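J.: This structure is in structure tokens; I'll ask about it shortly.
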Amino acid sequence: MNRGRTSSPHQPGPNRTGRLMAWVMAAALPGLLAQTLFFGWGNLINTVFCIALSVGTEAAVLALRQRPVRFFLRDNTAALTGLLLGLSLPPLTPWWVSAIAVISAIVLAKQLYGGLGANPFNPAMVGYALVLVSFPVALTTRWVAPAGTEEAVLPGLIETLSIIFGGSTPVDAFTMATPLDVYKHGIAGALASQVTTHPTFGDGIARGWEWVNAGFLAGGLFLLWRRIISWHIPVSLLASLALMSLVFGWDPDRATPLSLHLVSGATMLGAFFIATDPVSAATSHRGKLIYGAGIGLLLYVIRTWGTYPDAIAFAVLLMNLSVPFIDHYTQPRTYGHRKARRVGTGGA
Amino acid sequence: MRTLYDFPGGIHPPENKRQSSETPIRIANLPERLIIPLQQHIGAPARTRVSEGDRVLKGDVLGDTEGAFSVPVHAPTSGHIERIGPHAVPHPSGLDDWCVTLIPDGKDHWGACHPLPESDQQDPDRLLAHIHKAGIAGLGGAGFPTGIKLRPPETDSIRTVILNAAECEPYITADDRLIRDRAAEVVSGLQIVRRILNPEQCLIGIEDNKPDAIQALESAVDGTGIEVVVIPTRYPSGGEKQLIQVLTGEEVPHGGIPADIGVLCQNVGTAAAIHRAVYHGEPLIQRITTLTGDALCEPGNVETLIGTPIRHLLDSAGFDEARAGDVLMGGPMMGFSLPDLAMPVVKTTNCLLAGSPEELPPPPPPQPCIRCGYCADACPMELLPQQLFWFAQSGENDKAEQHNLFDCIECGACSWVCPSQIPLVQYYRSTKGEIREQREEQIRADRARERFEARQARLEREQAEKEAKRQARKEAAAKARQTPPASKAAPERSAAASETVAAPSEAPDIETLEKQLLKAQAKRNNMRNMLDDARKRGADNVDKLEKAVAKNDDRVDAAQKALEKARSGLTETGGATE
């Protein structure tokens with residue numbers, strides 16, 4: 001008998017890291033489904049490939065670091081990183097680009113910092129940003145024309161596989177620039193009514209993309225409902241993006257309108273699945289609000305005045321950088337104290 | 001309806017109260033021996049008033065007050081004292097403590113039983129003294145001496161008295177059952193407290209998961225002006241600070257006590273004990289303890305004598321040792337696991353939880369912290385447990401302190417919600433311990449430094465005085481030289497000589513020399529013994545010891561010579577003065 005050796009509490013609560021991550025992955029399925037319906041097999045194939053490679057890489061590095069492989073794989077975080085990359089990368093991204101993204105995410109951004117919990121940056125976004133700056137062509141010309149577009153066709157499973165793994169270049173009929181890209185470059189020399197005639201917008205706000213974003217929004221609401229994520233980051237992110245758009249981009253003839261900011265690109269995926277990565281986000285409620293708002297702000301700034309049409313990865317990484325600073329200034333007031341106390345400044 | 005306030009955080013662990021709450025209180029049978037620890041409260045231990053072999057009657061004083069922060073301990077039944085000595089006691093430290101072992105004679109004869117005379121029952125000072133003499137300490141958990149607690153710094157400062165009947169910890173039903181079976185005693189005890197403190201309001205805070213107890217209380221307080229306040233069930237609403245917050249909306253200031261905001265909390269069991277002491281003259285020799293857990297066939301609540309061995313109690317409830325994992329004193333959230341079932345029930349034993357290994361599973365290996373912040377959401381003190389963990393893990397104790405580590409009430413809500421299964425509370429406890437140790441170390445070091453500096457200053461002062469004297473002599477000599485210029489070196493030499501003469505008078509006197517000699521001899525003998533021993537064992541340090549003995553021989557010789565010299569010097573000077 002091993003009496004008297006354990007510390008209170010003596011009963012575990014219901015939460016498990018592995019289970020939480022599995023729920024997050026499950027919540028991303030509606031979005032993935034919409035991606036598959038509107039943009040073909042690409043994202044699904046990417047996702048499966050990235051997850052497998054991510055878990056494999058994690059296992060390999062853990063083995064090299066002489067850590068218990070099975071124990072750490074059970075937390076499902078490597079699989080989630082793979083999933084997020086699979087969802088973020090353009091559907092027809094060549095396999096080796098995805099592989100570079102995954103390997104740098106797991107090896108550079110996560111394991112070299114000491115593994116789960118020790119990484120200051122969101123691993124998936126490190127991988128994404130790295131391939132985005134390294135292979136801009138692959139990352140911008142591999143978006144698929146959404147289903148229902150008249151002059152385009154959705155690539156079939158075999159075609160998609162051969163493009164991703166076989167190295168063949170996608171034919172023009174398969175690809176199309178993203179709505180954010182089209183609007184940003186189009187509005188410079190045309191009116192909103194002219195720009196939106198582009199097939200990528202379809203009849204609604206952004207053909208296909210609106211459903212993808214709705215899918216991720218639904219998944220995100222599910223995570224909120226299950227209390228797996230807190231509302232602070234997504235709400236402040238979307239609110240600050242909206243505010244920026246209303247203040248600086250109220251005229252759709254000059255700037256991308258709010259509707260397009262919210263329901264196209266990776267906005268919902270970013271707000272509910274990427275920015276909420278707890279390891280690299282701020283910790284207190286107030287800190288989370290600031291962190292989310294910062295991402296929303298940067299997102300708008302880069303999308304509008306930067307070179308990239310979408311900017312989730314850069315916005316998240318930049319805010320990751322400021323997390324220690326935010327945490328320092330947002331320590332909550334403790335019970336019985338008159339005001340919050342900051343490290344180094346004393347106070348009651 | 002009273003406005004209730006909210007406290008931040010909190011959790012809803014499975015309550016597991018029905019196993020033990022549905023049967024009336026049983027009276028535990030007399031064990032073969034009772035082990036009564038002399039310290040069952042915060043403060044100084046009681047001093048024994050009995051010796052081994054003494055016969056005692058029920059209620060006789062076994063140990064009495066030592067210092068202001070102590071409470072007396074009484075004999076739970078009649079019998080004789082078998083032994084007074086260290087015995088394992090239920091304390092998280094696992095250390096032994098002084099206990100009186102009593103062999104009951106089975107007659108359970110009361111000694112003198114003094115209820116407080118009716119004429120004194122209105123006098124706060126008499127009541128306080130009586131409560132203190134009855135050995136009452138808080139039965140809720142910490143065991144704070146009740147007689148001291150009820151005497152707040154300023155007599156009129158308590159505006160609200162709160163009776164804590166929340167009992168938020170899972171499994172424990174001792175208070176619930178006590179109220180259901182003896183609500184009148186509880187309310188009567190609270191009325192005594194009210195008489196002592198004369199507060200504006202008297203509240204009983206109880207969680208809404210105890211409908212029967214609420215009903216019992218409501219009928220018992222009828223017409224007394226005491227208010228039963230039903231609060232939502234959420235752990236740890238029964239924490240003193242949380243209950244105060246829920247009932248009054250106020251927070252106990254950091255580093256302060258509830259009396260600072262005019263509030264005083266008492267536990268239900270303590271109130272009942274006060275009633276018994278005042279009206280029946282019974283000291284605190286028994287309490288209600290919950291016996292529960294999957295390893296017991298008949299869980300329930302028992303009225304047990306203080307000092308009853310835990311195994312005896314568990315056996316009385318059908319303890320199945322083969323099915324048992326850990327046995328906890330207290331509940332699953334804040335209790336501690338008992339290393340030894342021979343330990344006795346003490347005044348603060350509110351629950352014994354004999355769980356099966358499935359019920360109280362061994363802690364799984366913790367995964368890395370992912371900073372999910374669930375702990376911060378669960379923390380009733382609004383701390384940042386994940387940051388505290390980070391600092392505790394990396395040994396940044398100062399930062400942990402700056403993040404208000406010492407405000408942690410160790411309720412365990414953070415660990416309970418942690419998806420990575422990190423034993424957070426354990427980290428906080430050990431870091432708190434380390435910081436306390438460092439503080440003490442710092443105090444000791446400061447003292448040592450002060451001593452050293454004082455010594456250094458003294459030496460310097462003496463040196464300076466000597467120097468000044470020397471200077472004075474020099475000057476005097478120079479003057480003398482000027483007047484008779486014939487002899488040049490002589491006065492200087494005489495000055496030097498006088499100094500060497502002066503020195504021995506400051507040097508150790510005969511007594512100290514004798515002492516030194518004895519010490520040196522003792523040390524040498526000791527060394528010799530060690531050497532003999534080492535030789536016998538053929539140890540490898542024989543060489544060193546031989547050297548040490550030789551060195552000590554030299555020292556003894558030196559000391560002897562010095563002593564002889566001093567003695568002869570003394571006789572010389574003695575002769576000279578004669």
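Labels for the structure tokens follow display order: chains A, B, ..., residues from 1 in each chain, ligands from 1.
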If the cut-off is 7 Å, can you tell me the residues of chain B near chain A, counting only C-alpha atoms? I'd like them as a PyMOL selection string.

T.: chain B and resi 251-254+326+332-339+360-361+368-373+381-383+399+402+412+415-420+426

J.: Contacts of Pro90 of chain B at 12 Å or less, counting only C-alpha atoms, minus same-chain residues fewer than 6 places along, as an mmCIF file with N, CA and C atoms, in the first residue's frame?

T.:
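This went into around16.cif:
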data_model
loop_
_atom_site.group_PDB
_atom_site.id
_atom_site.type_symbol
_atom_site.label_atom_id
_atom_site.label_comp_id
_atom_site.auth_asym_id
_atom_site.auth_seq_id
_atom_site.Cartn_x
_atom_site.Cartn_y
_atom_site.Cartn_z
ATOM 1 N N GLY A 4 -0.416 7.769 2.024
ATOM 2 C CA GLY A 4 0.177 9.005 2.518
ATOM 3 C C GLY A 4 1.172 9.633 1.572
ATOM 4 N N ILE B 35 -5.802 7.415 21.961
ATOM 5 C CA ILE B 35 -4.534 8.143 21.871
ATOM 6 C C ILE B 35 -4.868 9.617 21.687
ATOM 7 N N ILE B 36 -4.612 10.399 22.726
ATOM 8 C CA ILE B 36 -5.057 11.791 22.675
ATOM 9 C C ILE B 36 -3.859 12.714 22.489
ATOM 10 N N PRO B 37 -3.722 13.293 21.300
ATOM 11 C CA PRO B 37 -2.608 14.215 21.078
ATOM 12 C C PRO B 37 -2.767 15.467 21.932
ATOM 13 N N GLN B 39 -1.606 18.345 21.121
ATOM 14 C CA GLN B 39 -1.802 19.531 20.276
ATOM 15 C C GLN B 39 -2.748 19.188 19.145
ATOM 16 N N GLN B 40 -3.965 19.715 19.242
ATOM 17 C CA GLN B 40 -4.933 19.441 18.184
ATOM 18 C C GLN B 40 -5.431 20.735 17.591
ATOM 19 N N HIS B 41 -4.654 21.760 17.714
ATOM 20 C CA HIS B 41 -5.134 23.077 17.326
ATOM 21 C C HIS B 41 -3.932 23.860 16.835
ATOM 22 N N ASP B 96 5.531 12.578 14.273
ATOM 23 C CA ASP B 96 4.933 12.143 15.537
ATOM 24 C C ASP B 96 4.739 13.349 16.442
ATOM 25 N N ASP B 97 3.838 13.170 17.413
ATOM 26 C CA ASP B 97 3.645 14.241 18.381
ATOM 27 C C ASP B 97 3.360 13.616 19.745
ATOM 28 N N CYS B 99 1.498 12.364 22.790
ATOM 29 C CA CYS B 99 0.131 11.904 22.973
ATOM 30 C C CYS B 99 0.003 11.228 24.322
ATOM 31 N N GLY B 307 -9.444 10.786 19.975
ATOM 32 C CA GLY B 307 -8.417 9.829 20.378
ATOM 33 C C GLY B 307 -8.699 8.408 19.917
ATOM 34 N N THR B 308 -9.892 8.188 19.386
ATOM 35 C CA THR B 308 -10.204 6.848 18.879
ATOM 36 C C THR B 308 -9.306 6.537 17.685
ATOM 37 N N PRO B 309 -8.648 5.379 17.693
ATOM 38 C CA PRO B 309 -7.811 5.051 16.534
ATOM 39 C C PRO B 309 -8.665 4.968 15.267
ATOM 40 N N ILE B 310 -8.128 5.493 14.193
ATOM 41 C CA ILE B 310 -8.887 5.566 12.955
ATOM 42 C C ILE B 310 -9.292 4.191 12.455
ATOM 43 N N VAL B 327 -6.630 6.211 2.455
ATOM 44 C CA VAL B 327 -7.608 6.679 3.428
ATOM 45 C C VAL B 327 -7.280 8.143 3.690
ATOM 46 N N LEU B 328 -8.301 8.987 3.490
ATOM 47 C CA LEU B 328 -8.070 10.423 3.644
ATOM 48 C C LEU B 328 -8.688 10.917 4.934
ATOM 49 N N MET B 329 -8.019 11.889 5.549
ATOM 50 C CA MET B 329 -8.698 12.663 6.580
ATOM 51 C C MET B 329 -9.117 13.963 5.909
ATOM 52 N N GLY B 330 -10.413 14.248 5.972
ATOM 53 C CA GLY B 330 -10.961 15.371 5.213
ATOM 54 C C GLY B 330 -11.537 14.848 3.912
ATOM 55 N N GLY B 335 -8.402 17.193 1.719
ATOM 56 C CA GLY B 335 -7.929 16.278 2.743
ATOM 57 C C GLY B 335 -6.517 15.805 2.450
ATOM 58 N N PHE B 336 -5.952 15.076 3.412
ATOM 59 C CA PHE B 336 -4.632 14.503 3.152
ATOM 60 C C PHE B 336 -4.688 13.021 3.436
ATOM 61 N N SER B 337 -3.857 12.256 2.746
ATOM 62 C CA SER B 337 -3.935 10.813 2.905
ATOM 63 C C SER B 337 -3.135 10.393 4.126
ATOM 64 N N LEU B 338 -3.714 9.481 4.865
ATOM 65 C CA LEU B 338 -3.112 9.063 6.139
ATOM 66 C C LEU B 338 -2.082 7.975 5.884
ATOM 67 N N PRO B 339 -0.884 8.154 6.406
ATOM 68 C CA PRO B 339 0.130 7.127 6.195
ATOM 69 C C PRO B 339 -0.077 5.919 7.102
ATOM 70 N N ASP B 340 -0.911 6.059 8.142
ATOM 71 C CA ASP B 340 -0.950 5.034 9.170
ATOM 72 C C ASP B 340 -2.339 5.078 9.817
ATOM 73 N N LEU B 341 -3.012 3.936 9.863
ATOM 74 C CA LEU B 341 -4.384 3.931 10.393
ATOM 75 C C LEU B 341 -4.422 3.809 11.909
ATOM 76 N N ALA B 342 -3.269 3.708 12.550
ATOM 77 C CA ALA B 342 -3.242 3.697 14.011
ATOM 78 C C ALA B 342 -3.382 5.104 14.573
ATOM 79 N N MET B 343 -3.368 6.073 13.688
ATOM 80 C CA MET B 343 -3.504 7.457 14.134
ATOM 81 C C MET B 343 -4.878 7.685 14.743
ATOM 82 N N PRO B 344 -4.954 8.622 15.684
ATOM 83 C CA PRO B 344 -6.232 8.860 16.348
ATOM 84 C C PRO B 344 -7.083 9.917 15.656
ATOM 85 N N VAL B 345 -8.369 9.901 15.966
ATOM 86 C CA VAL B 345 -9.272 10.984 15.581
ATOM 87 C C VAL B 345 -8.922 12.199 16.433
ATOM 88 N N VAL B 346 -8.833 13.367 15.808
ATOM 89 C CA VAL B 346 -8.539 14.581 16.566
ATOM 90 C C VAL B 346 -9.710 15.552 16.417
ATOM 91 N N LYS B 347 -9.565 16.705 17.054
ATOM 92 C CA LYS B 347 -10.687 17.648 17.063
ATOM 93 C C LYS B 347 -11.069 18.112 15.665
ATOM 94 N N THR B 348 -10.125 18.062 14.729
ATOM 95 C CA THR B 348 -10.416 18.558 13.380
ATOM 96 C C THR B 348 -10.741 17.444 12.380
ATOM 97 N N THR B 349 -10.928 16.208 12.860
ATOM 98 C CA THR B 349 -11.218 15.096 11.940
ATOM 99 C C THR B 349 -12.694 15.140 11.562
ATOM 100 N N LEU B 352 -13.465 10.787 7.419
ATOM 101 C CA LEU B 352 -12.481 9.767 7.048
ATOM 102 C C LEU B 352 -13.002 9.130 5.775
#

J.: Using only C-alpha atoms, which of A:Leu180, A:Leu289, A:Val263, A:Val212 sits nearest Thr304 of chain A?

T.: A:Leu180

J.: Determine, counting only C-alpha atoms, which protein, DNA and RNA residues have an atom within 8 Å of an atom of Asp310 of chain A; residues of the same chain fewer than 5 positions away are not included. Present the result as a list in words.

T.: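 Residues near the query, excluding close chain neighbours: Leu180, Asp181, Gly265, Ala266, Leu299, Ile302 and Arg303 of chain A.
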
J.: Could you find all residues in segment 180-313 of chain A that DSSP calls alpha helix (DSSP H) from the backbone, and write them as a ChimeraX atom specification?

T.: /A:180-186,192-195,209-225,232-248,258-263,267-269,285-305,312-313

J.: Looking at only C-alpha atoms, which of B:Gly59, B:Val230, B:Lys241, B:Ser219 is the one that sits closest to Gly281 of chain B?

T.: B:Gly59

J.: Can you tell me, as number ranges by chain, what residues are no more than 7 Å from Leu128 of chain B when counting only C-alpha atoms, ignoring any on the same chain fewer than 4 positions away?

T.: B: 124, 132, 147
